[in-house]
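Engineer: One structure, pasted below without further comment.
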Amino acid sequence: MEKPLIIGHRGAMGYETENTMLSFQKALDLFVDMIEIDVYVIKTGEVVVFHDKTLKRLALSLENIEDLTLEEVKSINLIGNHKIPTLIEVIEFIDKRVPLNIELKGQNTALQTHKIVDNFIQKAKYTNQHFLISSFDWDELKIFRKLNPEIPIALLSQQNHLDAIPYAKKIKAIAINPWFFTLTKQEVEEIHKYNLKVYTYTVNEISDIKEAIYFGVDGMFCNFPDRIHACF
């Protein structure tokens, strides 16, 4: 049985505050195959790594991340006294040790994210394979594909996962990333018929990890990456 890719979800958020440098380091320490992060474009144009639209859950503030300047973002202390990093900082920190799955969360993220990624590819000896771009916003993925015809892309899907296949083929995606709790083994098999990978999210319990392995998925997003290792 082939071992699926172990994808650290927002780093290793089961152990450290999500989308922070400590979380990314913990994921690397747990030997992940890839790290997933989320990005927004903020008021001053920078791309920052953060999951929620508001700061409520992690910084006890009702402000929207997209409405802030970089100076304001850098002044925020998250739970655990962590800072919100920029995409550039995260790419530099991971330093090609594993591929980086960048999920486009906010509006108009494709263009700015592409500029950053392309700069690393052009000037820092990165390749397209050091990145995977994903999103629930398939229009943003379409924009990204027009900007870069080669970089790996994955469509996020919450239900009716087979409906993503035609669009995935249209934009030459490599994978569909379905929600595990609405995914079936039959859907995995059907997606594979179209030469698409299945990276499912978010699989944390040992029983669910074993079921995902039985389904034949190609990768799993997990808050506790060591739990997947433990199943092999």
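Each chain in the structure tokens gets a letter, A, B and so on, in the order shown; residues start at 1 in every chain, and ligands are counted from 1 in the order they appear.
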Mind running segment 54-124 of chain A against segment 138-162 of chain A at 10 Å and telling me each contacting residue's nearest atom pair with the distance in Å (one decimal), counting only C-alpha atoms, chain and number ascending, as JSON lines?

Structural biologist:
{"residue": "A:Asn101", "atom": "CA", "partner": "A:Ile153", "partner_atom": "CA", "distance": 9.1}
{"residue": "A:Ile102", "atom": "CA", "partner": "A:Ile153", "partner_atom": "CA", "distance": 9.6}
{"residue": "A:Glu103", "atom": "CA", "partner": "A:Leu156", "partner_atom": "CA", "distance": 9.0}
{"residue": "A:Leu104", "atom": "CA", "partner": "A:Glu140", "partner_atom": "CA", "distance": 7.5}
{"residue": "A:Lys105", "atom": "CA", "partner": "A:Glu140", "partner_atom": "CA", "distance": 9.4}
{"residue": "A:Gly106", "atom": "CA", "partner": "A:Glu140", "partner_atom": "CA", "distance": 9.4}
{"residue": "A:Gln107", "atom": "CA", "partner": "A:Glu140", "partner_atom": "CA", "distance": 8.0}
{"residue": "A:Asn108", "atom": "CA", "partner": "A:Glu140", "partner_atom": "CA", "distance": 7.1}
{"residue": "A:Thr109", "atom": "CA", "partner": "A:Glu140", "partner_atom": "CA", "distance": 7.1}
{"residue": "A:Ala110", "atom": "CA", "partner": "A:Phe144", "partner_atom": "CA", "distance": 5.2}
{"residue": "A:Leu111", "atom": "CA", "partner": "A:Phe144", "partner_atom": "CA", "distance": 6.7}
{"residue": "A:Gln112", "atom": "CA", "partner": "A:Phe144", "partner_atom": "CA", "distance": 9.7}
{"residue": "A:Thr113", "atom": "CA", "partner": "A:Phe144", "partner_atom": "CA", "distance": 8.6}
{"residue": "A:His114", "atom": "CA", "partner": "A:Phe144", "partner_atom": "CA", "distance": 6.8}
{"residue": "A:Lys115", "atom": "CA", "partner": "A:Leu147", "partner_atom": "CA", "distance": 9.2}
{"residue": "A:Val117", "atom": "CA", "partner": "A:Ile151", "partner_atom": "CA", "distance": 9.8}
{"residue": "A:Asp118", "atom": "CA", "partner": "A:Asn148", "partner_atom": "CA", "distance": 8.5}

Engineer: Write a file of the selected residues as a PDB file, in the first residue's frame, keeping C-alpha atoms.

Structural biologist:
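result-v6.pdb, written as the output of this step:
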ATOM      1  CA  ASN A 101       0.605  24.452  -0.703  1.00  0.00           C
ATOM      2  CA  ILE A 102      -0.651  28.039  -0.852  1.00  0.00           C
ATOM      3  CA  GLU A 103      -4.421  28.277  -0.456  1.00  0.00           C
ATOM      4  CA  LEU A 104      -5.846  31.474  -1.924  1.00  0.00           C
ATOM      5  CA  LYS A 105      -8.334  32.594   0.729  1.00  0.00           C
ATOM      6  CA  GLY A 106      -9.084  36.244   0.083  1.00  0.00           C
ATOM      7  CA  GLN A 107     -10.179  38.214  -2.946  1.00  0.00           C
ATOM      8  CA  ASN A 108      -7.688  39.077  -5.671  1.00  0.00           C
ATOM      9  CA  THR A 109      -5.026  36.800  -4.243  1.00  0.00           C
ATOM     10  CA  ALA A 110      -4.002  35.103  -7.503  1.00  0.00           C
ATOM     11  CA  LEU A 111      -2.122  38.023  -9.032  1.00  0.00           C
ATOM     12  CA  GLN A 112      -0.151  39.074  -5.962  1.00  0.00           C
ATOM     13  CA  THR A 113       0.643  35.488  -4.990  1.00  0.00           C
ATOM     14  CA  HIS A 114       1.825  34.767  -8.510  1.00  0.00           C
ATOM     15  CA  LYS A 115       4.160  37.764  -8.449  1.00  0.00           C
ATOM     16  CA  VAL A 117       6.055  32.858  -6.362  1.00  0.00           C
ATOM     17  CA  ASP A 118       7.319  33.797  -9.810  1.00  0.00           C
TER      18      ASP A 118
END

Engineer: Set the distance at 10 Å and use only C-alpha atoms: which residues neighbour Cys222 of chain A once local chain neighbours fewer than 4 positions away are removed? I'd like the list as a PyMOL selection string.

Structural biologist: chain A and resi 6-14+27+32+35-36+200-205+209+226-228

Engineer: Find the residues near Thr54 of chain A: any atom within 8 Å, counting only C-alpha atoms, skip ones fewer than 2 places away on the same chain, and give them as a list in words.

Structural biologist: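 Counting only C-alpha atoms, the residues come to Asp52, Lys56, Arg57, Ser61, Leu62, Glu63, Asn64 and Ile65 of chain A.
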
Engineer: Pull all heavy atoms from the residues just selected and write them as an mmCIF file, in the first residue's frame.

Structural biologist:
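Wrote it out as result14.cif, contents follow:
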data_model
loop_
_atom_site.group_PDB
_atom_site.id
_atom_site.type_symbol
_atom_site.label_atom_id
_atom_site.label_comp_id
_atom_site.auth_asym_id
_atom_site.auth_seq_id
_atom_site.Cartn_x
_atom_site.Cartn_y
_atom_site.Cartn_z
ATOM 1 N N ASP A 52 -8.354 33.024 8.793
ATOM 2 C CA ASP A 52 -9.686 33.605 8.952
ATOM 3 C C ASP A 52 -9.766 34.994 8.331
ATOM 4 O O ASP A 52 -8.775 35.723 8.276
ATOM 5 C CB ASP A 52 -10.045 33.718 10.434
ATOM 6 C CG ASP A 52 -10.108 32.369 11.127
ATOM 7 O OD1 ASP A 52 -9.968 31.331 10.439
ATOM 8 O OD2 ASP A 52 -10.296 32.349 12.358
ATOM 9 N N LYS A 56 -10.864 37.604 15.029
ATOM 10 C CA LYS A 56 -11.599 37.258 16.248
ATOM 11 C C LYS A 56 -11.052 36.020 16.957
ATOM 12 O O LYS A 56 -10.814 36.027 18.167
ATOM 13 C CB LYS A 56 -13.081 37.057 15.921
ATOM 14 C CG LYS A 56 -13.943 36.748 17.126
ATOM 15 C CD LYS A 56 -15.409 36.609 16.723
ATOM 16 C CE LYS A 56 -16.273 36.282 17.944
ATOM 17 N NZ LYS A 56 -17.704 36.119 17.565
ATOM 18 N N ARG A 57 -10.853 34.943 16.217
ATOM 19 C CA ARG A 57 -10.503 33.669 16.852
ATOM 20 C C ARG A 57 -9.072 33.660 17.394
ATOM 21 O O ARG A 57 -8.822 33.115 18.476
ATOM 22 C CB ARG A 57 -10.690 32.524 15.843
ATOM 23 C CG ARG A 57 -10.385 31.132 16.386
ATOM 24 C CD ARG A 57 -10.854 30.056 15.420
ATOM 25 N NE ARG A 57 -10.190 30.182 14.128
ATOM 26 C CZ ARG A 57 -9.043 29.574 13.808
ATOM 27 N NH1 ARG A 57 -8.435 28.807 14.684
ATOM 28 N NH2 ARG A 57 -8.512 29.730 12.598
ATOM 29 N N SER A 61 -10.028 40.150 18.110
ATOM 30 C CA SER A 61 -10.355 41.428 17.491
ATOM 31 C C SER A 61 -11.363 41.195 16.377
ATOM 32 O O SER A 61 -11.350 40.152 15.727
ATOM 33 C CB SER A 61 -9.095 42.086 16.920
ATOM 34 O OG SER A 61 -9.442 43.179 16.080
ATOM 35 N N LEU A 62 -12.246 42.159 16.149
ATOM 36 C CA LEU A 62 -13.266 42.017 15.113
ATOM 37 C C LEU A 62 -12.810 42.565 13.760
ATOM 38 O O LEU A 62 -13.566 42.542 12.785
ATOM 39 C CB LEU A 62 -14.557 42.718 15.551
ATOM 40 C CG LEU A 62 -15.239 42.131 16.784
ATOM 41 C CD1 LEU A 62 -16.492 42.930 17.130
ATOM 42 C CD2 LEU A 62 -15.600 40.665 16.568
ATOM 43 N N GLU A 63 -11.587 43.052 13.683
ATOM 44 C CA GLU A 63 -11.092 43.628 12.434
ATOM 45 C C GLU A 63 -10.916 42.559 11.357
ATOM 46 O O GLU A 63 -10.601 41.405 11.657
ATOM 47 C CB GLU A 63 -9.759 44.331 12.683
ATOM 48 C CG GLU A 63 -9.886 45.585 13.534
ATOM 49 C CD GLU A 63 -8.549 46.238 13.755
ATOM 50 O OE1 GLU A 63 -7.716 45.646 14.458
ATOM 51 O OE2 GLU A 63 -8.341 47.341 13.227
ATOM 52 N N ASN A 64 -11.112 42.979 10.108
ATOM 53 C CA ASN A 64 -10.844 42.102 8.973
ATOM 54 C C ASN A 64 -9.376 42.208 8.589
ATOM 55 O O ASN A 64 -8.830 43.311 8.474
ATOM 56 C CB ASN A 64 -11.706 42.490 7.769
ATOM 57 C CG ASN A 64 -13.159 42.135 7.961
ATOM 58 O OD1 ASN A 64 -13.500 41.289 8.787
ATOM 59 N ND2 ASN A 64 -14.029 42.761 7.207
ATOM 60 N N ILE A 65 -8.757 41.069 8.342
ATOM 61 C CA ILE A 65 -7.338 41.060 7.990
ATOM 62 C C ILE A 65 -7.065 41.869 6.727
ATOM 63 O O ILE A 65 -6.052 42.555 6.614
ATOM 64 C CB ILE A 65 -6.830 39.599 7.843
ATOM 65 C CG1 ILE A 65 -5.314 39.555 7.655
ATOM 66 C CG2 ILE A 65 -7.537 38.867 6.709
ATOM 67 C CD1 ILE A 65 -4.530 39.792 8.892
#
